[in-house]
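Working notes for the structure below.
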Amino acid sequence: MRRQALYFTAPGRVEVREEPLAPPGPGQVLVRALVSAISPGTERLIYRGEAPADLAADETLPALAGRLGYPLAYGYALVGRVEALGPAVEPAWLGRTVFAFHPHASHLLAAPGELHPIDGAPEAAAFLPNVETAVNLLLDGRPLIGEQVVVFGQGVVGLLTTALLARLPLGGLVTVEPLARRREWSRALGATASLDAGAPGLPERVAAAFGPAPAEPAADLVYELSGNPAALDQALAVAGYSSRVVVGSWYGRKPVTLDLGGRFHRSKIRLIASQVSRIAPALSGRWTTARRLRLAQALLPAIQPARLITHEFPLDRAAEAYRLLDERPADALQVILRY
């Protein structure tokens with residue numbers, strides 16, 4: 001048979017190619033895609049040519065082996081239905097709706113152990129990797145009861161992180177985002193306040209947003225999730241004494257300039273790298289990737305992430321989807337491809 005697969009071929013260019021696909025072999029199943037979610041952070045960097053071409057696409061997912069150079073098949077949030085079984089596969093897999101960490105494609109072959117059965121709507125399940133990322137961000141930041149928390153960036157990952165943080169008994173949850181529509185979403189998902197990143201006097205505005213008599217004038221915990229290198233300096237500016245700044249953004253090849261000559265050392269601010277492919281060593285004895293993913297899946301009904309979908313495109317119009325994310329980010333939040 002033949003399938004359609006999406007490839008990044010040059011900066012600003014994607015193509016949908018037809019390619020052969022063998023029938024499922026021993027221990028494999030054939031999955032027909034229903035929907036897949038575009039990552040507006042990572043995939044936009046790849047689309048713009050801002051990802052380091054010599055970097056491994058992923059060090060843990062078999063479907064993303066290889067480097068980030070062009071031409072590149074990429075994507076990691078696909079939901080489909082099992083349509084055929086290879087030899088030695090349990091019959092119960094036939095017809096199951098499943099999630100796969102797999103590039104955008106109309107069909108795929110996978111071992112059952114690489115798939116995650118889904119009970120709910122495919123559109124919600126497509127958010128599973130980003131909810132897992134948000135879970136990992138909370139594990140890395142370790143928010144405590146009564147802490148004042150700031151989140152920079154209210155894209156999909158930022159909003160999902162805000163939604164999880166809002167479930168905790170914090171002393172305040174303030175988000176910082178340049179786009180007005182995303183600030184509205186942020187408040188709807190539980191932020192105490194959502195501030196314009198471009199307005200002057202950000203540290204003072206953050207302190208005021210924590211209330212008339214905050215426990216401290218600055219944040220105990222800050223997340224930088226905007227993808228904008230300049231925001232990391234802003235994150236340090238609102239961080240308090242002995243606070244943590246969790247860097248969840250991936251900047252690709254964009255350089256980051258930080259002012260570390262002021263409060264940084266005397267305030268003993270800790271910078272923490274967070275990346276979903278690795279669980280923090282202090283937690284990995286009890287937390288596994290499978291446990292984290294199960295938690296993310298269990299949180300889907302409470303978060304209802306499908307409400308963040310702003311646009312849908314059929315696969316053959318994928319080029320329009322990426323242009324929208326690149327040129328009109330104020331209009332688009334989560335874009336999905338439907339098959």
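Following the order of the structure tokens, chains are lettered A, B, ..., residues in each are numbered from 1, and ligands are numbered from 1.
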Legend entry - Backbone-only DSSP, helix (DSSP H, G or I) members of segment 49-292 of chain A, as an MDAnalysis selection string: chainID A and resid 62:64 91:93 112:114 122:125 128:141 156:165 180:188 202:209 229:238 263:266 289:292
Can those selected residues be exported to a file as a short mmCIF file (atom, residue, chain, number, x, y, z; two decimals), in the first residue's frame so that it contains C-alpha atoms?
```cif
data_model
loop_
_atom_site.label_atom_id
_atom_site.label_comp_id
_atom_site.auth_asym_id
_atom_site.auth_seq_id
_atom_site.Cartn_x
_atom_site.Cartn_y
_atom_site.Cartn_z
CA PRO A 62 12.14 5.15 17.71
CA ALA A 63 9.86 6.94 15.22
CA LEU A 64 12.02 10.09 15.48
CA PRO A 91 -6.68 -9.87 18.09
CA ALA A 92 -7.94 -7.40 20.73
CA TRP A 93 -5.78 -4.68 19.13
CA PRO A 112 1.76 -2.59 20.17
CA GLY A 113 4.21 -1.66 22.91
CA GLU A 114 4.82 1.67 21.13
CA PRO A 122 -9.01 11.64 19.42
CA GLU A 123 -8.76 15.44 19.50
CA ALA A 124 -8.16 15.45 23.27
CA ALA A 125 -5.69 12.57 23.04
CA LEU A 128 -1.14 13.94 25.43
CA PRO A 129 2.53 14.86 24.76
CA ASN A 130 1.99 18.48 25.80
CA VAL A 131 0.12 17.50 28.95
CA GLU A 132 2.98 15.10 29.71
CA THR A 133 5.39 18.03 29.23
CA ALA A 134 3.34 20.13 31.65
CA VAL A 135 3.42 17.29 34.19
CA ASN A 136 7.20 17.11 33.80
CA LEU A 137 7.50 20.87 34.32
CA LEU A 138 5.67 20.59 37.63
CA LEU A 139 7.86 17.66 38.67
CA ASP A 140 10.98 19.70 37.87
CA GLY A 141 9.75 22.91 39.52
CA VAL A 156 -0.22 25.44 24.39
CA VAL A 157 2.40 24.13 26.84
CA GLY A 158 2.22 27.32 28.91
CA LEU A 159 -1.56 27.17 29.16
CA LEU A 160 -1.55 23.49 30.09
CA THR A 161 1.08 24.18 32.75
CA THR A 162 -1.06 27.02 34.07
CA ALA A 163 -4.08 24.70 34.18
CA LEU A 164 -2.15 22.16 36.29
CA LEU A 165 -0.65 24.79 38.60
CA ALA A 180 -4.19 39.41 24.49
CA ARG A 181 -6.25 36.40 23.42
CA ARG A 182 -3.85 34.04 25.17
CA ARG A 183 -4.01 36.15 28.31
CA GLU A 184 -7.78 35.67 28.28
CA TRP A 185 -7.31 31.89 27.98
CA SER A 186 -4.80 32.01 30.84
CA ARG A 187 -7.23 33.68 33.21
CA ALA A 188 -9.96 31.23 32.16
CA LEU A 202 7.15 44.06 34.88
CA PRO A 203 8.62 43.19 38.33
CA GLU A 204 6.43 45.83 39.97
CA ARG A 205 3.35 44.68 38.06
CA VAL A 206 4.00 41.05 39.05
CA ALA A 207 4.33 42.04 42.72
CA ALA A 208 1.07 43.99 42.53
CA ALA A 209 -0.67 41.04 40.86
CA PRO A 229 15.19 34.19 24.55
CA ALA A 230 14.54 37.71 25.89
CA ALA A 231 11.93 36.33 28.28
CA LEU A 232 14.56 34.45 30.29
CA ASP A 233 16.07 37.73 31.45
CA GLN A 234 12.57 38.90 32.41
CA ALA A 235 12.07 35.66 34.33
CA LEU A 236 15.22 36.33 36.36
CA ALA A 237 14.02 39.88 37.05
CA VAL A 238 10.81 38.70 38.77
CA ARG A 263 20.75 40.21 41.55
CA PHE A 264 21.37 36.73 40.15
CA HIS A 265 24.27 35.62 42.38
CA ARG A 266 23.33 37.49 45.56
CA THR A 289 8.10 7.71 31.75
CA ALA A 290 5.18 5.26 31.75
CA ARG A 291 3.95 6.55 35.12
CA ARG A 292 4.19 10.16 33.99
#
```
Inset, instruction - Find the residues around Arg13 of chain A up to 9 Å (only C-alpha atoms counted), leave out those fewer than 3 positions away in its own chain, and share them as a PyMOL selection string. - result: chain A and resi 7-10+47-48+319+322
For the selection you just gave me, I'd like the residues written to a file as a PDB file, in the first residue's frame, keeping C-alpha atoms.
```pdb
ATOM      1  CA  TYR A   7       8.162  16.409   5.221  1.00  0.00           C
ATOM      2  CA  PHE A   8       9.923  19.658   6.091  1.00  0.00           C
ATOM      3  CA  THR A   9      12.079  20.274   3.009  1.00  0.00           C
ATOM      4  CA  ALA A  10      13.537  23.794   3.447  1.00  0.00           C
ATOM      5  CA  TYR A  47       9.741  25.221   9.700  1.00  0.00           C
ATOM      6  CA  ARG A  48      11.747  28.434  10.045  1.00  0.00           C
ATOM      7  CA  ALA A 319       1.422  24.120   4.095  1.00  0.00           C
ATOM      8  CA  TYR A 322       2.337  26.085   9.009  1.00  0.00           C
TER       9      TYR A 322
END
```
Enumerate, in order of chain and increasing residue number, the residues of segment 66-157 of chain A with an atom no farther than 8 Å from segment 166-175 of chain A, each with its shortest atom pair and distance in Å to one decimal, counting only C-alpha atoms, as a tab-separated table.
```
residue	atom	partner	partner_atom	distance
A:Leu144	CA	A:Leu170	CA	7.2
A:Ile145	CA	A:Leu170	CA	5.4
A:Gly146	CA	A:Gly171	CA	4.1
A:Glu147	CA	A:Gly171	CA	4.9
A:Gln148	CA	A:Gly172	CA	4.7
A:Val149	CA	A:Leu173	CA	4.9
A:Val150	CA	A:Val174	CA	4.8
A:Val151	CA	A:Thr175	CA	4.6
A:Phe152	CA	A:Thr175	CA	5.8
A:Gly153	CA	A:Thr175	CA	7.3
A:Gln154	CA	A:Thr175	CA	7.4
```
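As for atom CA of Ala5 of chain A and atom CA of Ser106 of chain A, they are spaced 6.4 Å apart.
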Inset, instruction - Enumerate the residues of segment 96-270 of chain A with a DSSP assignment of strand (DSSP E), computed from the backbone, and present them as a PyMOL selection string. - result: chain A and resi 97-100+107-110+115-117+148-152+172-176+193-195+219-224+239-247+270
Inset, instruction - Please indicate the distance in Å from atom CA of Val14 of chain A to atom CA of Met1 of chain A, rounded to one decimal place. - result: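 Computing the Euclidean distance for atom CA of Val14 of chain A and atom CA of Met1 of chain A yields 22.8 Å.
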Legend entry - Nearby residues (only C-alpha atoms) at most 9 Å from Pro24 of chain A, same-chain spacing under 4 positions excluded, as a ChimeraX atom specification: /A:28-30,84-87,109-110
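Between atom CA of Pro26 of chain A and atom CA of Leu293 of chain A the separation is 26.7 Å.
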Inset, instruction - Go through A:Ala193, A:Leu315, A:Leu258, A:Leu179 and flag the residue nearest Ala330 of chain A, using only C-alpha atoms for the distances. - result: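 Of the candidates, the smallest distance to Ala330 of chain A is held by A:Leu179.
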Inset, instruction - Measuring atom to atom with only C-alpha atoms, identify which of A:Val89, A:Leu260, A:Val245, A:Val335 is nearest to Ile309 of chain A. - result: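 Residue with the minimum atom-to-atom distance to Ile309 of chain A: A:Val335.
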